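Participant: So I've got this file, my_file.cif, and it contains mmCIF, C-alpha atoms (C1' of nucleotides):
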```cif
data_run
#
loop_
_atom_site.group_PDB
_atom_site.id
_atom_site.type_symbol
_atom_site.label_atom_id
_atom_site.label_comp_id
_atom_site.auth_asym_id
_atom_site.auth_seq_id
_atom_site.Cartn_x
_atom_site.Cartn_y
_atom_site.Cartn_z
ATOM 1 C CA MET U 112 17.383 12.586 33.354
ATOM 2 C CA GLY U 113 16.660 11.854 29.693
ATOM 3 C CA GLY U 114 13.306 11.423 28.027
ATOM 4 C CA SER U 115 13.722 7.658 28.341
ATOM 5 C CA GLU U 116 12.492 8.060 31.897
ATOM 6 C CA ILE U 117 9.159 9.144 30.478
ATOM 7 C CA ARG U 118 9.058 6.263 28.044
ATOM 8 C CA ARG U 119 9.750 3.708 30.724
ATOM 9 C CA ASN U 120 6.902 5.081 32.792
ATOM 10 C CA MET U 121 4.418 5.187 29.949
ATOM 11 C CA PRO U 122 1.333 3.072 30.749
ATOM 12 C CA LEU U 123 1.088 0.614 27.887
ATOM 13 C CA PHE U 124 0.355 -2.950 28.933
ATOM 14 C CA SER U 125 -2.844 -4.674 29.997
ATOM 15 C CA ILE U 126 -2.787 -7.072 32.904
ATOM 16 C CA GLY U 127 -3.175 -10.030 30.568
ATOM 17 C CA ILE U 128 0.073 -9.229 28.779
ATOM 18 C CA VAL U 129 1.847 -8.549 32.052
ATOM 19 C CA MET U 130 0.725 -11.952 33.302
ATOM 20 C CA GLN U 131 2.374 -13.590 30.302
ATOM 21 C CA LEU U 132 5.501 -11.479 30.515
ATOM 22 C CA THR U 133 6.047 -12.047 34.220
ATOM 23 C CA ASP U 134 4.408 -15.422 34.697
ATOM 24 C CA LEU U 135 2.454 -14.046 37.640
ATOM 25 C CA SER U 136 -1.293 -14.534 38.202
ATOM 26 C CA ALA U 137 -3.698 -11.604 38.107
ATOM 27 C CA ARG U 138 -4.333 -12.262 41.789
ATOM 28 C CA GLN U 139 -0.660 -11.915 42.593
ATOM 29 C CA ILE U 140 -0.255 -8.723 40.615
ATOM 30 C CA ARG U 141 -3.276 -7.130 42.267
ATOM 31 C CA TYR U 142 -2.093 -8.277 45.657
ATOM 32 C CA TYR U 143 1.270 -6.585 45.153
ATOM 33 C CA GLU U 144 -0.496 -3.426 44.142
ATOM 34 C CA GLU U 145 -2.664 -3.642 47.244
ATOM 35 C CA HIS U 146 0.559 -3.695 49.248
ATOM 36 C CA GLU U 147 1.808 -0.675 47.317
ATOM 37 C CA LEU U 148 4.764 -2.380 45.699
ATOM 38 C CA ILE U 149 3.524 -1.108 42.335
ATOM 39 C CA SER U 150 1.053 1.581 41.299
ATOM 40 C CA PRO U 151 -0.066 0.905 37.749
ATOM 41 C CA ALA U 152 -2.021 3.616 35.953
ATOM 42 C CA ARG U 153 -5.699 3.171 35.110
ATOM 43 C CA THR U 154 -7.748 3.704 32.004
ATOM 44 C CA GLU U 155 -10.813 5.880 32.127
ATOM 45 C CA GLY U 156 -12.769 2.698 32.694
ATOM 46 C CA ASN U 157 -10.587 1.600 35.628
ATOM 47 C CA LYS U 158 -8.550 -1.047 33.845
ATOM 48 C CA ARG U 159 -4.931 -1.299 34.980
ATOM 49 C CA LEU U 160 -2.219 -0.149 32.577
ATOM 50 C CA PHE U 161 1.367 -1.126 33.342
ATOM 51 C CA SER U 162 4.620 0.541 32.319
ATOM 52 C CA LEU U 163 7.981 -1.036 31.579
ATOM 53 C CA ASN U 164 9.086 0.058 35.023
ATOM 54 C CA ASP U 165 6.092 -1.682 36.584
ATOM 55 C CA ILE U 166 7.042 -4.878 34.808
ATOM 56 C CA ASP U 167 10.641 -4.593 35.906
ATOM 57 C CA LYS U 168 9.448 -4.190 39.461
ATOM 58 C CA LEU U 169 7.177 -7.203 39.204
ATOM 59 C CA LEU U 170 10.091 -9.304 38.008
ATOM 60 C CA GLU U 171 12.135 -8.076 40.952
ATOM 61 C CA ILE U 172 9.278 -8.898 43.304
ATOM 62 C CA LYS U 173 9.078 -12.364 41.849
ATOM 63 C CA ASP U 174 12.793 -12.901 42.411
ATOM 64 C CA LEU U 175 12.614 -11.704 45.989
ATOM 65 C CA ILE U 176 9.600 -13.882 46.728
ATOM 66 C CA ASP U 177 11.434 -16.892 45.321
ATOM 67 C CA GLN U 178 14.163 -16.015 47.796
ATOM 68 C CA GLY U 179 11.666 -16.079 50.659
ATOM 69 C CA VAL U 180 11.252 -12.333 51.201
ATOM 70 C CA ASN U 181 7.771 -11.230 52.281
ATOM 71 C CA MET U 182 5.773 -8.115 51.371
ATOM 72 C CA ALA U 183 7.193 -6.017 54.202
ATOM 73 C CA GLY U 184 10.735 -6.980 53.277
ATOM 74 C CA ILE U 185 10.235 -6.177 49.619
ATOM 75 C CA LYS U 186 8.723 -2.829 50.474
ATOM 76 C CA LYS U 187 11.723 -2.000 52.660
ATOM 77 C CA ILE U 188 14.131 -3.064 49.961
ATOM 78 C CA PHE U 189 12.374 -0.869 47.419
ATOM 79 C CA ASN U 190 12.434 2.079 49.803
ATOM 80 C CA VAL U 191 16.143 1.658 50.466
ATOM 81 C CA LYS U 192 16.801 1.518 46.742
ATOM 82 C CA GLN U 193 14.718 4.602 46.209
ATOM 83 C CA GLU U 194 16.593 6.467 48.946
ATOM 84 C CA SER U 195 19.944 5.477 47.521
ATOM 85 C CA VAL U 196 18.862 6.917 44.195
ATOM 86 C CA ILE U 197 17.754 10.093 45.883
ATOM 87 C CA SER U 198 20.933 10.445 47.880
ATOM 88 C CA ALA U 199 22.932 9.872 44.729
ATOM 89 C CA GLU U 200 21.020 12.761 43.201
ATOM 90 C CA GLU U 201 21.704 14.862 46.264
ATOM 91 C CA LYS U 202 25.396 14.061 46.159
ATOM 92 C CA LYS U 203 25.542 15.054 42.559
ATOM 93 C CA GLN U 204 23.725 18.250 43.363
ATOM 94 C CA ALA U 205 25.901 19.015 46.358
ATOM 95 C CA GLU U 206 29.028 18.364 44.360
ATOM 96 C CA LYS U 207 27.760 20.686 41.713
ATOM 97 C CA THR U 208 27.025 23.648 43.932
ATOM 98 C CA ARG U 209 30.179 23.105 45.998
ATOM 99 C CA ARG U 210 32.311 23.837 42.997
ATOM 100 C CA GLU U 211 31.206 27.487 42.929
ATOM 101 C CA LEU U 212 31.227 27.817 39.171
ATOM 102 C CA SER U 213 32.147 30.991 37.439
ATOM 103 C CA ASP U 214 29.529 32.462 35.161
ATOM 104 C CA SER U 215 31.320 31.335 32.038
ATOM 105 C CA GLU U 216 31.709 27.793 33.348
ATOM 106 C CA LEU U 217 28.048 27.777 34.158
ATOM 107 C CA ARG U 218 27.028 28.864 30.703
ATOM 108 C CA LYS U 219 29.250 26.247 29.148
ATOM 109 C CA LEU U 220 27.757 23.489 31.285
ATOM 110 C CA LEU U 221 24.241 24.601 30.578
ATOM 111 C CA ARG U 222 24.845 24.559 26.871
ATOM 112 C CA LYS U 223 26.333 21.081 27.089
ATOM 113 C CA GLU U 224 23.333 19.755 28.988
ATOM 114 C CA LEU U 225 20.942 21.227 26.496
ATOM 115 C CA LEU U 226 22.787 19.628 23.631
ATOM 116 C CA GLN U 227 22.628 16.256 25.307
ATOM 117 C CA ALA U 228 18.977 16.573 26.306
ATOM 118 C CA GLY U 229 17.705 14.239 23.603
ATOM 119 C CA ARG U 230 20.198 11.446 24.197
ATOM 120 C CA PHE U 231 19.167 8.135 25.712
ATOM 121 C CA ASN U 232 20.643 7.387 29.083
ATOM 122 C CA ARG U 233 19.597 4.532 31.290
ATOM 123 C CA SER U 234 19.275 4.278 35.035
ATOM 124 C CA THR U 235 22.018 2.027 36.333
ATOM 125 C CA ASP U 236 20.111 -0.834 37.860
ATOM 126 C CA ARG U 237 17.537 -1.921 35.355
ATOM 127 C CA GLY U 238 15.222 -4.840 35.855
ATOM 128 C CA ASP U 239 14.944 -7.606 33.352
ATOM 129 C CA MET U 240 12.658 -5.973 30.799
ATOM 130 C CA SER U 241 15.769 -5.182 28.798
ATOM 131 C CA ARG U 242 15.239 -8.649 27.412
ATOM 132 C CA PHE U 243 12.158 -7.435 25.600
ATOM 133 C CA PHE U 244 13.471 -4.272 24.028
ATOM 134 C CA HIS U 245 16.762 -3.151 22.585
ATOM 135 C CA MET R 241 19.491 -11.620 12.970
ATOM 136 C CA GLY R 242 19.539 -11.003 16.725
ATOM 137 C CA GLY R 243 16.854 -11.853 19.227
ATOM 138 C CA SER R 244 15.650 -8.263 18.981
ATOM 139 C CA GLU R 245 13.735 -9.368 15.897
ATOM 140 C CA ILE R 246 11.669 -11.580 18.144
ATOM 141 C CA ARG R 247 11.117 -8.795 20.640
ATOM 142 C CA ARG R 248 9.956 -6.369 17.997
ATOM 143 C CA ASN R 249 7.442 -8.902 16.728
ATOM 144 C CA MET R 250 6.087 -9.799 20.141
ATOM 145 C CA PRO R 251 2.311 -9.115 20.340
ATOM 146 C CA LEU R 252 1.938 -6.772 23.298
ATOM 147 C CA PHE R 253 -0.391 -3.852 22.689
ATOM 148 C CA SER R 254 -4.163 -3.583 22.649
ATOM 149 C CA ILE R 255 -5.856 -1.522 19.977
ATOM 150 C CA GLY R 256 -6.700 1.186 22.501
ATOM 151 C CA ILE R 257 -3.039 1.810 23.265
ATOM 152 C CA VAL R 258 -2.135 1.683 19.587
ATOM 153 C CA MET R 259 -4.783 4.299 18.891
ATOM 154 C CA GLN R 260 -3.158 6.621 21.405
ATOM 155 C CA LEU R 261 0.353 5.893 20.199
ATOM 156 C CA THR R 262 -0.424 6.395 16.516
ATOM 157 C CA ASP R 263 -3.307 8.836 16.702
ATOM 158 C CA LEU R 264 -5.298 6.639 14.344
ATOM 159 C CA SER R 265 -8.925 5.593 14.868
ATOM 160 C CA ALA R 266 -9.878 1.973 15.477
ATOM 161 C CA ARG R 267 -11.706 2.084 12.170
ATOM 162 C CA GLN R 268 -8.575 3.147 10.351
ATOM 163 C CA ILE R 269 -6.420 0.498 11.971
ATOM 164 C CA ARG R 270 -8.920 -2.248 11.147
ATOM 165 C CA TYR R 271 -9.271 -0.955 7.611
ATOM 166 C CA TYR R 272 -5.523 -1.146 7.072
ATOM 167 C CA GLU R 273 -5.555 -4.689 8.380
ATOM 168 C CA GLU R 274 -8.398 -5.522 6.008
ATOM 169 C CA HIS R 275 -6.143 -4.341 3.206
ATOM 170 C CA GLU R 276 -3.335 -6.505 4.539
ATOM 171 C CA LEU R 277 -0.965 -3.664 5.344
ATOM 172 C CA ILE R 278 -0.609 -5.117 8.860
ATOM 173 C CA SER R 279 -1.442 -8.504 10.392
ATOM 174 C CA PRO R 280 -1.697 -8.102 14.145
ATOM 175 C CA ALA R 281 -1.867 -11.242 16.262
ATOM 176 C CA ARG R 282 -5.030 -12.219 18.131
ATOM 177 C CA THR R 283 -5.760 -13.294 21.662
ATOM 178 C CA GLU R 284 -7.623 -16.511 22.311
ATOM 179 C CA GLY R 285 -10.763 -14.393 22.459
ATOM 180 C CA ASN R 286 -10.085 -12.713 19.100
ATOM 181 C CA LYS R 287 -8.811 -9.363 20.372
ATOM 182 C CA ARG R 288 -6.066 -7.810 18.264
ATOM 183 C CA LEU R 289 -2.567 -7.654 19.758
ATOM 184 C CA PHE R 290 -0.017 -5.399 18.081
ATOM 185 C CA SER R 291 3.767 -5.605 18.074
ATOM 186 C CA LEU R 292 6.298 -2.786 17.930
ATOM 187 C CA ASN R 293 6.750 -3.581 14.260
ATOM 188 C CA ASP R 294 3.010 -3.252 13.686
ATOM 189 C CA ILE R 295 3.083 0.169 15.308
ATOM 190 C CA ASP R 296 6.051 1.250 13.229
ATOM 191 C CA LYS R 297 4.177 0.192 10.130
ATOM 192 C CA LEU R 298 1.065 2.093 11.175
ATOM 193 C CA LEU R 299 3.136 5.239 11.624
ATOM 194 C CA GLU R 300 4.598 4.720 8.173
ATOM 195 C CA ILE R 301 1.112 4.216 6.743
ATOM 196 C CA LYS R 302 -0.026 7.420 8.379
ATOM 197 C CA ASP R 303 2.869 9.330 6.837
ATOM 198 C CA LEU R 304 2.185 7.927 3.392
ATOM 199 C CA ILE R 305 -1.516 8.703 3.617
ATOM 200 C CA ASP R 306 -0.695 12.260 4.617
ATOM 201 C CA GLN R 307 1.366 12.369 1.439
ATOM 202 C CA GLY R 308 -1.654 11.265 -0.608
ATOM 203 C CA VAL R 309 -0.685 7.634 -1.203
ATOM 204 C CA ASN R 310 -3.600 5.186 -1.314
ATOM 205 C CA MET R 311 -3.873 1.606 -0.051
ATOM 206 C CA ALA R 312 -2.585 0.075 -3.262
ATOM 207 C CA GLY R 313 0.404 2.387 -3.312
ATOM 208 C CA ILE R 314 1.286 1.698 0.293
ATOM 209 C CA LYS R 315 1.057 -2.014 -0.271
ATOM 210 C CA LYS R 316 3.398 -1.739 -3.249
ATOM 211 C CA ILE R 317 5.843 0.349 -1.255
ATOM 212 C CA PHE R 318 5.854 -2.193 1.542
ATOM 213 C CA ASN R 319 6.446 -5.020 -0.899
ATOM 214 C CA VAL R 320 9.355 -3.212 -2.521
ATOM 215 C CA LYS R 321 10.882 -2.576 0.888
ATOM 216 C CA GLN R 322 10.439 -6.198 1.837
ATOM 217 C CA GLU R 323 12.120 -7.326 -1.361
ATOM 218 C CA SER R 324 15.023 -4.995 -0.835
ATOM 219 C CA VAL R 325 15.509 -6.468 2.625
ATOM 220 C CA ILE R 326 15.419 -9.960 1.206
ATOM 221 C CA SER R 327 17.891 -9.144 -1.529
ATOM 222 C CA ALA R 328 20.146 -7.548 1.068
ATOM 223 C CA GLU R 329 20.008 -10.802 2.995
ATOM 224 C CA GLU R 330 20.784 -12.729 -0.152
ATOM 225 C CA LYS R 331 23.736 -10.496 -0.918
ATOM 226 C CA LYS R 332 25.075 -10.967 2.574
ATOM 227 C CA GLN R 333 24.618 -14.712 2.248
ATOM 228 C CA ALA R 334 26.266 -14.809 -1.164
ATOM 229 C CA GLU R 335 29.187 -12.771 0.087
ATOM 230 C CA LYS R 336 29.548 -15.127 3.005
ATOM 231 C CA THR R 337 29.678 -18.349 0.998
ATOM 232 C CA ARG R 338 31.833 -16.764 -1.699
ATOM 233 C CA ARG R 339 34.630 -16.294 0.786
ATOM 234 C CA GLU R 340 35.186 -20.038 1.082
ATOM 235 C CA LEU R 341 36.190 -19.978 4.717
ATOM 236 C CA SER R 342 38.731 -22.342 6.100
ATOM 237 C CA ASP R 343 37.572 -24.533 8.953
ATOM 238 C CA SER R 344 39.468 -22.548 11.532
ATOM 239 C CA GLU R 345 38.049 -19.281 10.254
ATOM 240 C CA LEU R 346 34.622 -20.790 10.443
ATOM 241 C CA ARG R 347 35.042 -21.921 14.033
ATOM 242 C CA LYS R 348 36.351 -18.495 15.013
ATOM 243 C CA LEU R 349 33.352 -16.766 13.433
ATOM 244 C CA LEU R 350 30.912 -19.131 15.026
ATOM 245 C CA ARG R 351 32.378 -18.544 18.457
ATOM 246 C CA LYS R 352 32.225 -14.792 17.948
ATOM 247 C CA GLU R 353 28.555 -14.941 16.938
ATOM 248 C CA LEU R 354 27.697 -17.039 19.938
ATOM 249 C CA LEU R 355 29.408 -14.603 22.278
ATOM 250 C CA GLN R 356 27.501 -11.715 20.758
ATOM 251 C CA ALA R 357 24.175 -13.506 20.722
ATOM 252 C CA GLY R 358 22.724 -11.553 23.632
ATOM 253 C CA ARG R 359 23.720 -8.143 22.373
ATOM 254 C CA PHE R 360 21.185 -5.682 21.034
ATOM 255 C CA ASN R 361 21.386 -4.978 17.327
ATOM 256 C CA ARG R 362 18.847 -3.037 15.357
ATOM 257 C CA SER R 363 17.491 -3.419 11.864
ATOM 258 C CA THR R 364 18.603 -0.505 9.730
ATOM 259 C CA ASP R 365 15.395 1.218 8.753
ATOM 260 C CA ARG R 366 13.342 1.530 11.889
ATOM 261 C CA GLY R 367 10.011 3.263 12.080
ATOM 262 C CA ASP R 368 9.357 5.869 14.678
ATOM 263 C CA MET R 369 8.742 3.665 17.688
ATOM 264 C CA SER R 370 12.325 4.323 18.685
ATOM 265 C CA ARG R 371 10.863 7.378 20.335
ATOM 266 C CA PHE R 372 9.155 5.181 22.877
ATOM 267 C CA PHE R 373 11.998 2.909 23.892
ATOM 268 C CA HIS R 374 15.706 3.321 24.398
ATOM 269 C "C1'" DT V 71 -3.538 -24.783 67.606
ATOM 270 C "C1'" DT V 72 -4.968 -20.376 66.251
ATOM 271 C "C1'" DT V 73 -3.386 -16.537 63.188
ATOM 272 C "C1'" DT V 74 -1.370 -14.583 59.484
ATOM 273 C "C1'" DC V 75 0.250 -14.557 54.792
ATOM 274 C "C1'" DA V 76 0.054 -15.377 49.934
ATOM 275 C "C1'" DT V 77 -2.671 -17.182 46.616
ATOM 276 C "C1'" DG V 78 -6.748 -19.635 44.346
ATOM 277 C "C1'" DT V 79 -11.451 -19.363 42.900
ATOM 278 C "C1'" DG V 80 -16.124 -17.806 41.833
ATOM 279 C "C1'" DA V 81 -19.889 -14.342 41.138
ATOM 280 C "C1'" DG V 82 -21.695 -10.360 39.235
ATOM 281 C "C1'" DA V 83 -20.716 -5.908 37.060
ATOM 282 C "C1'" DT V 84 -18.715 -3.130 33.476
ATOM 283 C "C1'" DA V 85 -15.194 -1.697 30.022
ATOM 284 C "C1'" DA V 86 -12.952 -2.668 25.790
ATOM 285 C "C1'" DT V 87 -13.074 -4.779 21.672
ATOM 286 C "C1'" DC V 88 -15.224 -7.415 17.899
ATOM 287 C "C1'" DT V 89 -17.948 -7.810 13.385
ATOM 288 C "C1'" DA V 90 -21.250 -6.135 10.322
ATOM 289 C "C1'" DA V 91 -23.978 -2.783 8.354
ATOM 290 C "C1'" DC V 92 -25.112 1.618 6.841
ATOM 291 C "C1'" DA V 93 -23.800 6.788 6.321
ATOM 292 C "C1'" DT V 94 -20.877 10.329 4.277
ATOM 293 C "C1'" DA V 95 -17.402 13.188 2.203
ATOM 294 C "C1'" DT V 96 -14.132 13.527 -1.329
ATOM 295 C "C1'" DG V 97 -12.227 12.228 -5.507
ATOM 296 C "C1'" DT V 98 -12.655 9.571 -10.063
ATOM 297 C "C1'" DT V 99 -15.053 7.686 -14.259
ATOM 298 C "C1'" DT V 100 -18.271 7.527 -17.580
ATOM 299 C "C1'" DA J 179 -24.092 15.545 -14.039
ATOM 300 C "C1'" DA J 180 -24.540 10.939 -12.473
ATOM 301 C "C1'" DA J 181 -22.601 6.935 -10.953
ATOM 302 C "C1'" DC J 182 -18.858 4.864 -8.644
ATOM 303 C "C1'" DA J 183 -14.866 4.091 -5.613
ATOM 304 C "C1'" DT J 184 -12.189 5.131 -1.504
ATOM 305 C "C1'" DA J 185 -11.374 6.121 3.197
ATOM 306 C "C1'" DT J 186 -13.476 6.983 7.328
ATOM 307 C "C1'" DG J 187 -17.406 7.791 10.800
ATOM 308 C "C1'" DT J 188 -21.053 5.847 13.459
ATOM 309 C "C1'" DT J 189 -24.180 2.657 15.537
ATOM 310 C "C1'" DA J 190 -25.909 -1.824 17.201
ATOM 311 C "C1'" DG J 191 -25.527 -6.141 19.328
ATOM 312 C "C1'" DA J 192 -22.424 -9.754 20.829
ATOM 313 C "C1'" DT J 193 -18.417 -11.370 23.357
ATOM 314 C "C1'" DT J 194 -13.951 -11.036 25.925
ATOM 315 C "C1'" DA J 195 -11.059 -9.102 29.389
ATOM 316 C "C1'" DT J 196 -10.846 -7.024 33.473
ATOM 317 C "C1'" DC J 197 -12.723 -5.197 37.804
ATOM 318 C "C1'" DT J 198 -14.001 -5.631 42.910
ATOM 319 C "C1'" DC J 199 -15.399 -8.308 46.612
ATOM 320 C "C1'" DA J 200 -15.974 -12.319 49.156
ATOM 321 C "C1'" DC J 201 -14.801 -16.725 50.675
ATOM 322 C "C1'" DA J 202 -11.552 -20.944 50.533
ATOM 323 C "C1'" DT J 203 -6.978 -22.976 51.465
ATOM 324 C "C1'" DG J 204 -2.233 -24.521 52.342
ATOM 325 C "C1'" DA J 205 1.895 -23.275 54.536
ATOM 326 C "C1'" DA J 206 4.402 -20.819 57.853
ATOM 327 C "C1'" DA J 207 4.560 -18.204 62.232
ATOM 328 C "C1'" DA J 208 3.094 -17.296 66.759
#
```
Let me see whether you can do it: turn the structure in this file into structure tokens.

Facilitator:
Amino acid sequence: MGGSEIRRNMPLFSIGIVMQLTDLSARQIRYYEEHELISPARTEGNKRLFSLNDIDKLLEIKDLIDQGVNMAGIKKIFNVKQESVISAEEKKQAEKTRRELSDSELRKLLRKELLQAGRFNRSTDRGDMSRFFH
Amino acid sequence: MGGSEIRRNMPLFSIGIVMQLTDLSARQIRYYEEHELISPARTEGNKRLFSLNDIDKLLEIKDLIDQGVNMAGIKKIFNVKQESVISAEEKKQAEKTRRELSDSELRKLLRKELLQAGRFNRSTDRGDMSRFFH
DNA sequence: TTTTCATGTGAGATAATCTAACATATGTTT
DNA sequence: AAACATATGTTAGATTATCTCACATGAAAA
């Protein structure tokens, strides 16, 4: 995972901005948090701070609600997605260890990964916030 | 110019977040505004709202101040930069009209531009906010 | 028809930000 | 040296944005 993961999880946006960006009411956003669909960070003074990922999720929630899905359904869908990501990770991991690398192969790989550490790579299924940034 | 120009000028960030992101004090940020180095937007209730471009500029200001440049100098530098951008635009424009396109060439170009309208293209000299987004 | 769900709305509290004024350290003129 | 200018800190008092909690409501489900 590249450093972009960090950036997309950085708490940056006040609820007012998120309302504009998502066209959701404060009530709705707080309600979705109450149902644990999002978990925005908080300032020292308890104000919510949302990340790009939070906003993506809110846009997904909005879509699903428009399609008639309720809280429970959305939560399930998010969990399934999350699991599929995890299992993808596991597969990758399993595949990796299965290959029984020689020491030299291993060193080569390691070096390659280090060299690519700074590069930007995106998770495959992004939300719609890509509209707002390049 | 692509739609990314709009995105980079979208007022999104409160002064608190900008303080964290730039490591400048509120006093400093307001002082730079007073000297017209930045012009953040305002909410209905008069709170400042900063764009990605504003933040890039603040990081540039910080650099220049570290290098001993004063307000007047920074303002000059910004103006020169702005002019160079404008003249680049003019050059591009001049080059374009000079070519005296045929109608068919023109239609082809237009279609191409329309197809690429949604793509992400960056301005050449970005600030440092690229660290925060992909 | 009750209940439940998703949202609206209002009250009262508090955090974040605003402007304006004065303080201060460092560097510049006279 | 004394006076001034520049960039920033700090404080005070006012106002906005957000918070939680409670109650209201329309639509859908039971």

Participant: What is the C1' of DG187 (chain J)-CA of Pro280 (chain R) distance in Å, reported with one decimal?

Facilitator: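 A separation of 22.6 Å between them.
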
Participant: Report the residues retrieved by the PyMOL selection byres ((chain R) within 12 of (chain V)) from the displayed file, expressed as number ranges by chain.

Facilitator: R: 254-257, 266-267, 270, 282-283, 285-289, 308, 310

Participant: For C-alpha atoms, I'd like the residues from the last selection saved as a PDB file, in the coordinates of the input.

Facilitator:
```
ATOM      1  CA  SER R 254      -4.163  -3.583  22.649  1.00  0.00           C
ATOM      2  CA  ILE R 255      -5.856  -1.522  19.977  1.00  0.00           C
ATOM      3  CA  GLY R 256      -6.700   1.186  22.501  1.00  0.00           C
ATOM      4  CA  ILE R 257      -3.039   1.810  23.265  1.00  0.00           C
ATOM      5  CA  ALA R 266      -9.878   1.973  15.477  1.00  0.00           C
ATOM      6  CA  ARG R 267     -11.706   2.084  12.170  1.00  0.00           C
ATOM      7  CA  ARG R 270      -8.920  -2.248  11.147  1.00  0.00           C
ATOM      8  CA  ARG R 282      -5.030 -12.219  18.131  1.00  0.00           C
ATOM      9  CA  THR R 283      -5.760 -13.294  21.662  1.00  0.00           C
ATOM     10  CA  GLY R 285     -10.763 -14.393  22.459  1.00  0.00           C
ATOM     11  CA  ASN R 286     -10.085 -12.713  19.100  1.00  0.00           C
ATOM     12  CA  LYS R 287      -8.811  -9.363  20.372  1.00  0.00           C
ATOM     13  CA  ARG R 288      -6.066  -7.810  18.264  1.00  0.00           C
ATOM     14  CA  LEU R 289      -2.567  -7.654  19.758  1.00  0.00           C
ATOM     15  CA  GLY R 308      -1.654  11.265  -0.608  1.00  0.00           C
ATOM     16  CA  ASN R 310      -3.600   5.186  -1.314  1.00  0.00           C
TER      17      ASN R 310
END
```

Participant: So the first atom is C1' of DG191 (chain J) and the second is CA of Glu276 (chain R); what is the distance between them in Å, to one decimal place?

Facilitator: 26.7 Å

Participant: Just to confirm, what's the straight-line distance from CA of Asp177 (chain U) to CA of Asp134 (chain U) in Å (one decimal)?

Facilitator: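 Result for CA of Asp177 (chain U) versus CA of Asp134 (chain U): 12.8 Å, one decimal.
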
Participant: Quick check: residues of chain J within 10 Å of chain R, only C-alpha atoms (C1' of nucleotides), returned as a list in words.

Facilitator: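 Per the criterion, chain J yields DT184, DA185, DT186, DG187, DT193, DT194 and DA195 of chain J.
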
Participant: Could you write out as JSON the box around region 115-125 of chain U (axis-aligned, all atoms listed in the file, 6 Å on each side), with centre and edge lengths in Å to one decimal?

Facilitator:
```
{"center_x": 5.4, "center_y": 2.2, "center_z": 30.3, "size_x": 28.6, "size_y": 25.8, "size_z": 16.9}
```

Participant: Which residue is closest to chain U? Choose from R:Gln322, R:Gln307, R:Ser327, R:Gln260 and count only C-alpha atoms.

Facilitator: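 The shortest atom-to-atom distance to chain U comes from R:Gln260.
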
Participant: Given the choices R:Glu245, R:Glu323, R:Glu329, R:Asp303, which gets closest to chain U if the distance is worked out from all atoms listed in the file?

Facilitator: R:Glu245
